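Enquirer: Pasting run-v9.cif here (mmCIF, C-alpha atoms and all ligand atoms):
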data_upload
loop_
_atom_site.group_PDB
_atom_site.id
_atom_site.type_symbol
_atom_site.label_atom_id
_atom_site.label_comp_id
_atom_site.auth_asym_id
_atom_site.auth_seq_id
_atom_site.Cartn_x
_atom_site.Cartn_y
_atom_site.Cartn_z
ATOM 1 C CA MET A 1 -37.619 -61.521 2.754
ATOM 2 C CA LYS A 2 -39.473 -60.221 -0.286
ATOM 3 C CA TYR A 3 -38.287 -56.637 0.213
ATOM 4 C CA LYS A 4 -34.929 -55.357 1.457
ATOM 5 C CA ARG A 5 -35.761 -51.713 1.909
ATOM 6 C CA ILE A 6 -39.289 -50.506 2.575
ATOM 7 C CA LEU A 7 -40.981 -47.164 2.885
ATOM 8 C CA LEU A 8 -43.838 -47.442 5.336
ATOM 9 C CA LYS A 9 -46.505 -44.759 5.144
ATOM 10 C CA LEU A 10 -48.563 -44.361 8.291
ATOM 11 C CA SER A 11 -51.524 -42.038 8.375
ATOM 12 C CA GLY A 12 -51.913 -39.613 11.211
ATOM 13 C CA GLU A 13 -55.582 -40.543 11.482
ATOM 14 C CA ALA A 14 -54.794 -44.194 12.157
ATOM 15 C CA LEU A 15 -52.651 -43.084 15.072
ATOM 16 C CA MET A 16 -55.753 -41.724 16.817
ATOM 17 C CA GLY A 17 -56.962 -45.249 17.492
ATOM 18 C CA GLU A 18 -60.396 -45.028 19.109
ATOM 19 C CA ASN A 19 -59.879 -41.376 20.008
ATOM 20 C CA GLN A 20 -61.173 -38.363 18.117
ATOM 21 C CA TYR A 21 -57.873 -36.530 18.188
ATOM 22 C CA GLY A 22 -54.203 -36.934 19.014
ATOM 23 C CA ILE A 23 -52.180 -40.064 19.592
ATOM 24 C CA ASP A 24 -53.442 -43.329 21.058
ATOM 25 C CA ALA A 25 -50.720 -44.958 23.168
ATOM 26 C CA ALA A 26 -51.971 -48.503 22.525
ATOM 27 C CA ARG A 27 -51.993 -47.976 18.761
ATOM 28 C CA LEU A 28 -48.530 -46.468 18.838
ATOM 29 C CA ASP A 29 -47.327 -49.422 20.875
ATOM 30 C CA GLN A 30 -48.740 -51.907 18.349
ATOM 31 C CA TYR A 31 -47.026 -50.080 15.484
ATOM 32 C CA VAL A 32 -43.728 -50.196 17.351
ATOM 33 C CA GLN A 33 -44.052 -53.953 17.911
ATOM 34 C CA ASP A 34 -44.838 -54.539 14.239
ATOM 35 C CA ILE A 35 -41.965 -52.361 13.075
ATOM 36 C CA GLN A 36 -39.562 -54.028 15.502
ATOM 37 C CA LYS A 37 -40.468 -57.489 14.162
ATOM 38 C CA VAL A 38 -39.583 -56.394 10.647
ATOM 39 C CA GLN A 39 -36.445 -54.599 11.760
ATOM 40 C CA GLU A 40 -35.196 -57.790 13.422
ATOM 41 C CA THR A 41 -35.279 -59.563 10.055
ATOM 42 C CA GLY A 42 -32.699 -57.101 8.723
ATOM 43 C CA VAL A 43 -35.077 -55.240 6.421
ATOM 44 C CA GLU A 44 -34.268 -51.531 6.129
ATOM 45 C CA ILE A 45 -37.149 -49.330 7.191
ATOM 46 C CA ALA A 46 -37.993 -45.744 6.352
ATOM 47 C CA ILE A 47 -41.231 -44.234 7.598
ATOM 48 C CA VAL A 48 -43.385 -41.304 6.524
ATOM 49 C CA ILE A 49 -46.086 -40.345 8.939
ATOM 50 C CA GLY A 50 -49.099 -38.110 8.285
ATOM 51 C CA GLY A 51 -50.562 -35.402 10.450
ATOM 52 C CA GLY A 52 -54.305 -35.734 9.907
ATOM 53 C CA ASN A 53 -54.940 -36.589 13.570
ATOM 54 C CA ILE A 54 -53.682 -33.141 14.537
ATOM 55 C CA PHE A 55 -54.030 -30.760 11.622
ATOM 56 C CA ARG A 56 -54.815 -30.678 7.902
ATOM 57 C CA GLY A 57 -54.066 -27.818 5.540
ATOM 58 C CA VAL A 58 -57.430 -28.038 3.780
ATOM 59 C CA ASP A 59 -59.305 -27.768 7.094
ATOM 60 C CA ALA A 60 -57.438 -24.565 7.875
ATOM 61 C CA GLU A 61 -59.090 -22.785 4.962
ATOM 62 C CA LYS A 62 -62.500 -23.317 6.581
ATOM 63 C CA SER A 63 -61.349 -21.394 9.640
ATOM 64 C CA GLY A 64 -60.031 -18.552 7.519
ATOM 65 C CA ILE A 65 -56.394 -19.565 7.721
ATOM 66 C CA ASP A 66 -54.426 -19.066 4.521
ATOM 67 C CA ARG A 67 -53.878 -22.375 2.658
ATOM 68 C CA VAL A 68 -50.116 -22.151 2.544
ATOM 69 C CA GLN A 69 -49.949 -21.251 6.230
ATOM 70 C CA GLY A 70 -52.298 -24.168 6.954
ATOM 71 C CA ASP A 71 -50.121 -26.567 5.004
ATOM 72 C CA TYR A 72 -47.086 -25.577 7.032
ATOM 73 C CA MET A 73 -49.156 -26.154 10.163
ATOM 74 C CA GLY A 74 -49.978 -29.604 8.773
ATOM 75 C CA MET A 75 -46.283 -30.277 8.195
ATOM 76 C CA LEU A 76 -45.544 -29.338 11.791
ATOM 77 C CA ALA A 77 -48.278 -31.762 12.867
ATOM 78 C CA THR A 78 -46.449 -34.568 11.069
ATOM 79 C CA VAL A 79 -43.296 -33.655 13.004
ATOM 80 C CA ILE A 80 -45.206 -34.053 16.282
ATOM 81 C CA ASN A 81 -46.329 -37.534 15.211
ATOM 82 C CA ALA A 82 -42.856 -38.383 13.967
ATOM 83 C CA MET A 83 -41.367 -37.366 17.313
ATOM 84 C CA ALA A 84 -43.886 -39.503 19.178
ATOM 85 C CA LEU A 85 -43.092 -42.473 16.961
ATOM 86 C CA GLN A 86 -39.352 -41.914 17.268
ATOM 87 C CA SER A 87 -39.584 -41.798 21.004
ATOM 88 C CA ALA A 88 -41.697 -44.966 21.147
ATOM 89 C CA LEU A 89 -39.304 -46.837 18.842
ATOM 90 C CA GLU A 90 -36.308 -45.798 20.909
ATOM 91 C CA LYS A 91 -38.038 -46.864 24.094
ATOM 92 C CA ALA A 92 -38.211 -50.326 22.514
ATOM 93 C CA GLY A 93 -34.451 -50.232 21.981
ATOM 94 C CA LEU A 94 -34.419 -49.413 18.272
ATOM 95 C CA TYR A 95 -32.089 -46.888 16.667
ATOM 96 C CA THR A 96 -33.777 -44.099 14.769
ATOM 97 C CA ARG A 97 -33.153 -40.843 12.969
ATOM 98 C CA LEU A 98 -35.720 -38.168 12.278
ATOM 99 C CA MET A 99 -35.221 -36.181 9.090
ATOM 100 C CA SER A 100 -37.323 -33.171 8.321
ATOM 101 C CA GLY A 101 -38.414 -31.528 5.087
ATOM 102 C CA ILE A 102 -38.258 -28.134 6.801
ATOM 103 C CA LYS A 103 -35.430 -26.978 9.056
ATOM 104 C CA ILE A 104 -36.074 -27.683 12.712
ATOM 105 C CA GLU A 105 -32.503 -28.143 13.776
ATOM 106 C CA GLU A 106 -33.068 -28.819 17.460
ATOM 107 C CA VAL A 107 -35.169 -31.900 16.839
ATOM 108 C CA CYS A 108 -34.535 -33.219 13.323
ATOM 109 C CA GLU A 109 -31.767 -33.614 10.812
ATOM 110 C CA PRO A 110 -32.352 -32.046 7.420
ATOM 111 C CA PHE A 111 -33.262 -34.528 4.686
ATOM 112 C CA ILE A 112 -30.132 -35.425 2.734
ATOM 113 C CA LYS A 113 -30.530 -38.449 0.517
ATOM 114 C CA ARG A 114 -27.071 -39.898 1.002
ATOM 115 C CA ARG A 115 -27.289 -39.483 4.724
ATOM 116 C CA ALA A 116 -30.708 -41.139 4.841
ATOM 117 C CA VAL A 117 -29.397 -44.121 2.900
ATOM 118 C CA ARG A 118 -26.378 -44.393 5.189
ATOM 119 C CA HIS A 119 -28.636 -44.452 8.254
ATOM 120 C CA LEU A 120 -30.654 -47.248 6.676
ATOM 121 C CA GLU A 121 -27.545 -49.250 5.841
ATOM 122 C CA LYS A 122 -26.507 -48.974 9.476
ATOM 123 C CA GLY A 123 -29.839 -50.440 10.545
ATOM 124 C CA ARG A 124 -31.395 -47.223 11.796
ATOM 125 C CA ILE A 125 -35.050 -46.589 11.225
ATOM 126 C CA VAL A 126 -35.379 -43.303 9.368
ATOM 127 C CA ILE A 127 -38.517 -41.246 9.878
ATOM 128 C CA PHE A 128 -39.279 -38.469 7.425
ATOM 129 C CA GLY A 129 -41.140 -35.627 9.116
ATOM 130 C CA ALA A 130 -42.638 -32.391 7.726
ATOM 131 C CA GLY A 131 -43.583 -33.981 4.420
ATOM 132 C CA ILE A 132 -41.475 -32.837 1.505
ATOM 133 C CA GLY A 133 -41.400 -29.364 2.998
ATOM 134 C CA ASN A 134 -43.701 -27.759 0.436
ATOM 135 C CA PRO A 135 -47.320 -26.689 0.695
ATOM 136 C CA TYR A 136 -49.933 -28.261 -1.630
ATOM 137 C CA PHE A 137 -48.438 -31.704 -1.136
ATOM 138 C CA THR A 138 -49.464 -34.554 1.113
ATOM 139 C CA THR A 139 -47.642 -37.167 3.096
ATOM 140 C CA ASP A 140 -48.704 -39.702 0.425
ATOM 141 C CA SER A 141 -46.678 -37.763 -2.150
ATOM 142 C CA THR A 142 -43.895 -37.539 0.401
ATOM 143 C CA ALA A 143 -43.930 -41.309 0.791
ATOM 144 C CA SER A 144 -43.666 -41.853 -2.980
ATOM 145 C CA LEU A 145 -40.978 -39.237 -3.492
ATOM 146 C CA ARG A 146 -38.784 -40.296 -0.584
ATOM 147 C CA ALA A 147 -39.187 -43.964 -1.505
ATOM 148 C CA ILE A 148 -37.916 -43.224 -4.993
ATOM 149 C CA GLU A 149 -35.068 -41.094 -3.680
ATOM 150 C CA ILE A 150 -33.826 -43.707 -1.225
ATOM 151 C CA GLU A 151 -34.469 -46.486 -3.749
ATOM 152 C CA ALA A 152 -36.918 -48.406 -1.606
ATOM 153 C CA ASP A 153 -38.360 -51.594 -3.095
ATOM 154 C CA VAL A 154 -41.943 -50.750 -2.225
ATOM 155 C CA VAL A 155 -44.269 -48.233 -0.596
ATOM 156 C CA LEU A 156 -46.354 -49.902 2.102
ATOM 157 C CA LYS A 157 -49.374 -47.745 2.736
ATOM 158 C CA GLY A 158 -50.796 -48.649 6.110
ATOM 159 C CA THR A 159 -54.407 -47.577 6.516
ATOM 160 C CA ARG A 160 -57.570 -48.558 8.352
ATOM 161 C CA VAL A 161 -58.906 -50.511 5.357
ATOM 162 C CA ASP A 162 -57.340 -53.775 4.293
ATOM 163 C CA GLY A 163 -56.749 -52.924 0.643
ATOM 164 C CA VAL A 164 -58.166 -51.348 -2.489
ATOM 165 C CA TYR A 165 -61.853 -52.090 -3.160
ATOM 166 C CA THR A 166 -64.148 -51.670 -6.140
ATOM 167 C CA ALA A 167 -65.977 -49.049 -4.040
ATOM 168 C CA ASP A 168 -65.644 -47.608 -0.532
ATOM 169 C CA PRO A 169 -66.225 -50.688 1.690
ATOM 170 C CA GLU A 170 -67.291 -48.465 4.604
ATOM 171 C CA LYS A 171 -70.196 -47.193 2.461
ATOM 172 C CA ASP A 172 -70.913 -49.976 -0.035
ATOM 173 C CA PRO A 173 -71.335 -53.506 1.406
ATOM 174 C CA THR A 174 -71.101 -55.103 -2.074
ATOM 175 C CA ALA A 175 -67.584 -53.729 -2.634
ATOM 176 C CA THR A 176 -64.931 -56.367 -3.318
ATOM 177 C CA LYS A 177 -61.209 -56.225 -2.722
ATOM 178 C CA PHE A 178 -58.427 -56.520 -5.309
ATOM 179 C CA SER A 179 -55.469 -58.663 -4.281
ATOM 180 C CA ASN A 180 -53.439 -57.051 -7.033
ATOM 181 C CA ILE A 181 -54.051 -54.568 -9.794
ATOM 182 C CA SER A 182 -51.951 -52.656 -12.303
ATOM 183 C CA PHE A 183 -51.433 -48.891 -12.073
ATOM 184 C CA GLN A 184 -53.189 -48.499 -15.417
ATOM 185 C CA GLU A 185 -56.250 -50.453 -14.344
ATOM 186 C CA ALA A 186 -56.473 -48.684 -11.004
ATOM 187 C CA TYR A 187 -56.302 -45.363 -12.847
ATOM 188 C CA GLU A 188 -58.918 -46.348 -15.444
ATOM 189 C CA LYS A 189 -61.298 -47.581 -12.755
ATOM 190 C CA GLY A 190 -60.748 -44.376 -10.793
ATOM 191 C CA LEU A 191 -59.787 -46.291 -7.643
ATOM 192 C CA LYS A 192 -58.439 -44.337 -4.726
ATOM 193 C CA VAL A 193 -55.021 -45.763 -3.906
ATOM 194 C CA MET A 194 -53.114 -42.602 -3.039
ATOM 195 C CA ASP A 195 -53.562 -39.041 -4.233
ATOM 196 C CA MET A 196 -52.772 -38.542 -7.935
ATOM 197 C CA THR A 197 -49.381 -36.926 -7.382
ATOM 198 C CA ALA A 198 -48.247 -39.842 -5.234
ATOM 199 C CA PHE A 199 -49.820 -42.410 -7.551
ATOM 200 C CA THR A 200 -48.213 -40.985 -10.704
ATOM 201 C CA LEU A 201 -44.790 -40.750 -9.084
ATOM 202 C CA CYS A 202 -44.914 -44.444 -8.236
ATOM 203 C CA GLN A 203 -46.258 -45.434 -11.636
ATOM 204 C CA GLU A 204 -43.637 -43.481 -13.583
ATOM 205 C CA ASN A 205 -40.829 -44.850 -11.456
ATOM 206 C CA LYS A 206 -42.146 -48.421 -11.404
ATOM 207 C CA LEU A 207 -42.378 -48.443 -7.640
ATOM 208 C CA PRO A 208 -44.985 -50.917 -6.373
ATOM 209 C CA ILE A 209 -47.459 -49.926 -3.669
ATOM 210 C CA VAL A 210 -49.135 -52.202 -1.144
ATOM 211 C CA VAL A 211 -52.244 -50.860 0.573
ATOM 212 C CA PHE A 212 -52.966 -52.776 3.765
ATOM 213 C CA ASP A 213 -54.536 -52.623 7.217
ATOM 214 C CA MET A 214 -51.780 -51.485 9.544
ATOM 215 C CA ASN A 215 -54.056 -51.802 12.557
ATOM 216 C CA LYS A 216 -54.038 -55.575 12.298
ATOM 217 C CA LYS A 217 -51.069 -56.825 14.239
ATOM 218 C CA GLY A 218 -48.585 -58.885 12.231
ATOM 219 C CA ASN A 219 -49.718 -57.636 8.811
ATOM 220 C CA LEU A 220 -46.564 -55.640 8.213
ATOM 221 C CA GLU A 221 -44.284 -58.600 8.840
ATOM 222 C CA SER A 222 -46.434 -60.862 6.653
ATOM 223 C CA ILE A 223 -46.181 -58.500 3.695
ATOM 224 C CA VAL A 224 -42.440 -58.065 4.012
ATOM 225 C CA SER A 225 -41.971 -61.822 4.115
ATOM 226 C CA GLY A 226 -43.998 -62.231 0.927
ATOM 227 C CA ALA A 227 -47.547 -63.053 2.020
ATOM 228 C CA GLU A 228 -50.437 -61.726 -0.036
ATOM 229 C CA VAL A 229 -51.896 -59.191 2.354
ATOM 230 C CA GLY A 230 -53.821 -56.105 1.241
ATOM 231 C CA THR A 231 -53.675 -54.966 -2.371
ATOM 232 C CA LEU A 232 -50.537 -54.842 -4.487
ATOM 233 C CA ILE A 233 -50.434 -52.169 -7.181
ATOM 234 C CA ASN A 234 -47.662 -52.611 -9.746
HETATM 235 N N1 LIG A 301 -48.422 -31.212 4.108
HETATM 236 C C1 LIG A 301 -47.868 -30.357 3.152
HETATM 237 N N2 LIG A 301 -46.806 -30.784 2.411
HETATM 238 C C2 LIG A 301 -46.267 -32.036 2.533
HETATM 239 C C3 LIG A 301 -46.856 -32.921 3.475
HETATM 240 C C4 LIG A 301 -47.917 -32.491 4.242
HETATM 241 O O1 LIG A 301 -48.324 -29.231 2.996
HETATM 242 O O2 LIG A 301 -45.293 -32.352 1.849
HETATM 243 C C5 LIG A 301 -49.529 -30.755 4.995
HETATM 244 C C6 LIG A 301 -50.900 -30.755 4.340
HETATM 245 O O3 LIG A 301 -51.571 -29.605 4.779
HETATM 246 C C7 LIG A 301 -51.572 -31.986 4.931
HETATM 247 C C8 LIG A 301 -50.961 -32.055 6.320
HETATM 248 O O4 LIG A 301 -49.610 -31.605 6.129
HETATM 249 O O5 LIG A 301 -52.950 -31.823 4.988
HETATM 250 C C9 LIG A 301 -51.001 -33.400 6.978
HETATM 251 O O6 LIG A 301 -50.575 -34.439 6.129
HETATM 252 P P1 LIG A 301 -51.601 -35.522 5.488
HETATM 253 O O7 LIG A 301 -52.929 -34.941 5.332
HETATM 254 O O8 LIG A 301 -50.954 -36.093 4.297
HETATM 255 O O9 LIG A 301 -51.640 -36.562 6.661
HETATM 256 P P2 LIG A 301 -52.551 -37.891 6.831
HETATM 257 O O10 LIG A 301 -53.862 -37.643 6.203
HETATM 258 O O11 LIG A 301 -51.827 -38.995 6.166
HETATM 259 O O12 LIG A 301 -52.629 -38.061 8.311
#
Could you render the structure as structure tokens?
Expert:
Amino acid sequence: MKYKRILLKLSGEALMGENQYGIDAARLDQYVQDIQKVQETGVEIAIVIGGGNIFRGVDAEKSGIDRVQGDYMGMLATVINAMALQSALEKAGLYTRLMSGIKIEEVCEPFIKRRAVRHLEKGRIVIFGAGIGNPYFTTDSTASLRAIEIEADVVLKGTRVDGVYTADPEKDPTATKFSNISFQEAYEKGLKVMDMTAFTLCQENKLPIVVFDMNKKGNLESIVSGAEVGTLIN
């Protein structure tokens, strides 16, 4: 296997599948199958999941909700997704732990680095809910930060697009995909890989990122075993 410990970032929006809101059972099921395949190879897996399918802090402002309050609502949304994912993984027979950036003692453990690493070493899938627990951050920054803390080999950013393009492929049909690119070049070209906080954290800590299409079954396993899928930023 190319990587021994991975941090998988799943967006909340991808979890909606064909729906406009919430969690699509079929999509969740596919994710579980993909994660299970990788887990069976002995690779240690940590997961950060977004909350965009339920709530986003920036959207709250439009409805008159204070930004900070909205961000906490967004963090709670990620916990809902994390709980759904945890439950689905356990139904498939996998061992998991849910760690939260904010205290929700009845459902999650608090995030403690050493404990997270221990869970991983024991083969448990660790899900990080509630982001980093601070407003004005995103789950992308959470993915970078937690990956660095637990010393993951890579951040695998699962999205609906299959990599980083010269322009938005959903808008510009002439856009072409990079199979790999350096942090510096991605920055200079102004390409959207992750938000700047997340991007800089990875760059400064020499943590590679792979952006790939998580909705295509088998992609996750291919990447972990070394295939060139998506775009590698390093
Ligand atoms: N959020 C936050 N701090 C964090 C992580 C998330 O305030 O550390 C809030 C923020 O409001 C964000 C929302 O949670 O809009 C949902 O997360 P995100 O938008 O990153 O989810 P995704 O777009 O990946 O589904």
Enquirer: Rank nothing, just name the residue among A:Phe128, A:Leu120, A:Leu28, A:Val107 nearest to A:Ile49, using all atoms listed in the file.
Expert: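 Using all atoms listed in the file, A:Ile49 sits closest to A:Phe128.
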Enquirer: Using the chain letters and numbering of this document, enumerate as a list in words the residues selected by the PyMOL selection byres (((chain A and resi 206) around 12) and not hetatm).
Expert: Ser144, Ala147, Ile148, Glu151, Ala152, Asp153, Val154, Val155, Ser182, Phe183, Gln184, Phe199, Thr200, Leu201, Cys202, Gln203, Glu204, Asn205, Leu207, Pro208, Ile209, Ile233 and Asn234 of chain A
Enquirer: Around ligand LIG 301 (chain A), out to 7 Å and counting all atoms listed in the file, which residues are there? I want them as JSON, numbers by chain.
Expert: {"A": [10, 11, 12, 13, 49, 50, 51, 52, 53, 55, 56, 57, 58, 70, 71, 72, 73, 74, 75, 77, 78, 130, 131, 132, 133, 134, 135, 136, 137, 138, 139, 140, 141, 142]}
Enquirer: Would you list the contacts of A:Asn219 as a PyMOL selection string, taking every protein, DNA or RNA residue within 10 Å and counting all atoms listed in the file, but skipping same-chain residues closer than 2 positions in sequence?
Expert: chain A and resi 34+158+162+212-217+221-225+227-230
Enquirer: Take atom CA of A:Lys171 and atom CA of A:Tyr21 and report the distance between them in Å, one decimal.
Expert: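 Separating atom CA of A:Lys171 from atom CA of A:Tyr21 is a distance of 22.6 Å.
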Enquirer: Using all atoms listed in the file for the distances, tell me which of A:Gly163, A:Gly22, A:Gly129, A:Gly123 is nearest to A:Val38.
Expert: A:Gly123
Enquirer: Using all atoms listed in the file, which of the listed residues (A:Leu94, A:Ile150, A:Ala46, A:Leu85) sits closest to A:Leu7?
Expert: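 Using all atoms listed in the file, A:Leu7 sits closest to A:Ala46.
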Enquirer: What does the distance from atom CA of A:Glu90 to atom CA of A:Gln36 come to in Å, to one decimal?
Expert: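 For atom CA of A:Glu90 relative to atom CA of A:Gln36, the distance reads 10.4 Å.
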Enquirer: Calculate how many Å separate atom CA of A:Thr159 from atom CA of A:Gly64, rounding to one decimal.
Expert: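 Those two atoms sit 29.6 Å apart.
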Enquirer: Name all residues at most 10 Å from A:Ala92 (count all atoms listed in the file; drop same-chain ones fewer than 4 positions away) and give them as a PDB file with C-alpha atoms, in the frame of the given file.
Expert:
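Contents of the output file result-v1.pdb:
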ATOM      1  CA  ASP A  29     -47.327 -49.422  20.875  1.00  0.00           C
ATOM      2  CA  VAL A  32     -43.728 -50.196  17.351  1.00  0.00           C
ATOM      3  CA  GLN A  33     -44.052 -53.953  17.911  1.00  0.00           C
ATOM      4  CA  GLN A  36     -39.562 -54.028  15.502  1.00  0.00           C
ATOM      5  CA  GLN A  86     -39.352 -41.914  17.268  1.00  0.00           C
ATOM      6  CA  SER A  87     -39.584 -41.798  21.004  1.00  0.00           C
ATOM      7  CA  ALA A  88     -41.697 -44.966  21.147  1.00  0.00           C
TER       8      ALA A  88
END
Enquirer: Which of these residues is nearest to A:Glu149, using all atoms listed in the file: A:Lys113, A:Asp59, A:Ile102, A:Ile181?
Expert: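 Counting all atoms listed in the file, the residue closest to A:Glu149 is A:Lys113.
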Enquirer: Leaving out A:Glu44 and any residue of its chain fewer than 3 positions from it, which residues lie within 8 Å of it when counting only C-alpha atoms, given as JSON, numbers by chain?
Expert: {"A": [4, 5, 6, 39, 120, 121, 123, 124, 125]}
Enquirer: Quick one: 5 Å padding each side, axis-aligned, all listed atoms of stretch 119-127 of chain A - centre and edge lengths in Å to one decimal, as AutoDock Vina command-line options?
Expert:
--center_x -32.5 --center_y -45.8 --center_z 8.8 --size_x 22.0 --size_y 19.2 --size_z 16.0
Enquirer: Of the candidates A:Lys103, A:Lys192, A:Arg146, A:Lys2, which one gets nearest to A:Pro169 if we count all atoms listed in the file?
Expert: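 Under the stated criterion, the closest residue is A:Lys192.
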Enquirer: Compare A:Ile47, A:Met99, A:Val193, A:Cys108 by their minimum atom-to-atom distance to A:Thr166, counting all atoms listed in the file, and give me the closest one.
Expert: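 Ranked by minimum distance to A:Thr166, first place goes to A:Val193.
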